[in-house]
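Novice: Have a look at this one before I ask anything.
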Amino acid sequence: MNSDNQLPAEILEKIDAYYDGELSAEEAAGLREELRSDPELAAAAARYEAIHRHGLRSTPEELAMRDGLRAELRELEASLPPVTVARERQLWPRVLAVAAAVLLLLVAGWYLLDGPDPDVRLAEENFVWLPREEALLGPEDDARDGLSAYDLQEYERAYPLLRDGVATGELDSVNLLYAGVSALAIGRPRDARDLLNTLLDTGNYPYDEADIHYYLGLAELQMQNRSAALRQLELARTQQGRNSERAGDLIQQLNAED
């Protein structure tokens, strides 16, 4: 195996899914183990990743075509009529009907009083794992525990390790981004906001600013600060980044609820 193109199709699909954040922690761990057990396969995967990390995996035209196809599929799905299932007429005793109505009111009352805030729900629904640029699946993967935990989406373990690693100088400050994402994933939006703002204030990572603003927007939403969230999402939308399009979609969702 001396060519990236000779990677088995199923491995290519798994690697693409890994970088798109579509693999579960268990699936990502399985992929790593599969590559570790086959050095030749792992070397080919590492070459493929090098192309991916340097932005040469797809041309802008190919990415635009793929995104356009996804948009068309979403529009097609939205245009399909809802499927209804005919229900047989059921005759309930009056007492059971009254009891069902009371139960429905109780459930509705609980949801209105104690259910999740719509903005918090949107923040949770729009959270996605952010792949690290230095993440290696190949044979030279010697990442520290915090980075390995983050790559496996084990956020509870990754968050303190990444945060403390940057604080002690063991890790580069760019890892505040992944610490912030981890904090957001485990329901600590204030910590996420502090970490991401600290990284933003350094001014050292202009190419990551779109992603930083996107996750800052999610943090503000989790804290129910809608106006601050919209400002951050607008900054993410207008810059080039992995989550720029997702930021625009989220802005539309928020505006539709007003």
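Chain labels run A, B, ... following the order of the structure tokens; each chain numbers its residues from 1, and ligands are numbered from 1 in the order shown.
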Using only C-alpha atoms, which residues sit within 12 Å of Glu209 in chain A once same-chain residues fewer than 3 positions away are excluded, as JSON, numbers by chain?
Specialist: {"A": [174, 177, 196, 197, 199, 200, 201, 202, 203, 204, 205, 206, 212, 213, 214, 215, 216, 232, 233, 234, 235, 236, 237, 238, 239, 240, 241, 242, 243, 244]}
Novice: Mind pulling up the distance from CA of Tyr48 in chain A to CA of Leu12 in chain A?
Specialist: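 Taking CA of Leu12 in chain A and CA of Tyr48 in chain A, their separation equals 8.9 Å.
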Novice: Would you mind listing what lies within 8 Å of range 188-190 of chain A as a ChimeraX atom specification, with only C-alpha atoms counted and same-chain residues fewer than 5 positions away left out?
Specialist: /A:183,219-220,222-223
Novice: For the residues selected in the previous step, produce a file with N, CA and C atoms as a CSV table (one decimal), in the first residue's frame.
Specialist:
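result_33.csv was written with the following content:
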chain,number,residue,atom,x,y,z
A,183,ALA,N,-15.8,22.2,27.9
A,183,ALA,CA,-16.6,22.8,29.0
A,183,ALA,C,-18.0,23.0,28.6
A,219,ALA,N,-22.2,29.3,24.1
A,219,ALA,CA,-22.1,29.5,25.5
A,219,ALA,C,-23.1,30.6,26.0
A,220,GLU,N,-23.2,31.7,25.2
A,220,GLU,CA,-24.1,32.7,25.6
A,220,GLU,C,-25.6,32.2,25.5
A,222,GLN,N,-26.5,29.1,26.1
A,222,GLN,CA,-26.8,28.3,27.2
A,222,GLN,C,-27.0,29.1,28.5
A,223,MET,N,-26.4,30.3,28.5
A,223,MET,CA,-26.7,31.2,29.7
A,223,MET,C,-27.9,32.2,29.4
Novice: For each of A:Ile11, A:Val120, A:Ala179, A:Ala43, take the minimum atom-to-atom distance to Gly30 in chain A, counting only C-alpha atoms, then give the residue where this is smallest.
Specialist: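 The closest residue to Gly30 in chain A is A:Ile11.
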Novice: From the options A:Gly187, A:Pro118, A:Gly180, A:Pro131, which residue's atoms come nearest to Gly21 in chain A, counting only C-alpha atoms?
Specialist: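 Nearest candidate to Gly21 in chain A out of A:Gly187, A:Pro118, A:Gly180, A:Pro131: A:Pro131.
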Novice: List the neighbours of range 145-151 of chain A out to 8 Å using only C-alpha atoms; skip same-chain residues closer than 5 positions along the sequence, and give me the result as JSON, numbers by chain.
Specialist: {"A": [131, 132, 135, 157, 158, 159, 160, 161, 162, 178, 182]}
Novice: A:Leu7, A:Thr198, A:Asp117, A:Asn255: which is nearest Ala44 in chain A, counting only C-alpha atoms?
Specialist: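 Once distances to Ala44 in chain A are computed over only C-alpha atoms, the minimum belongs to A:Leu7.
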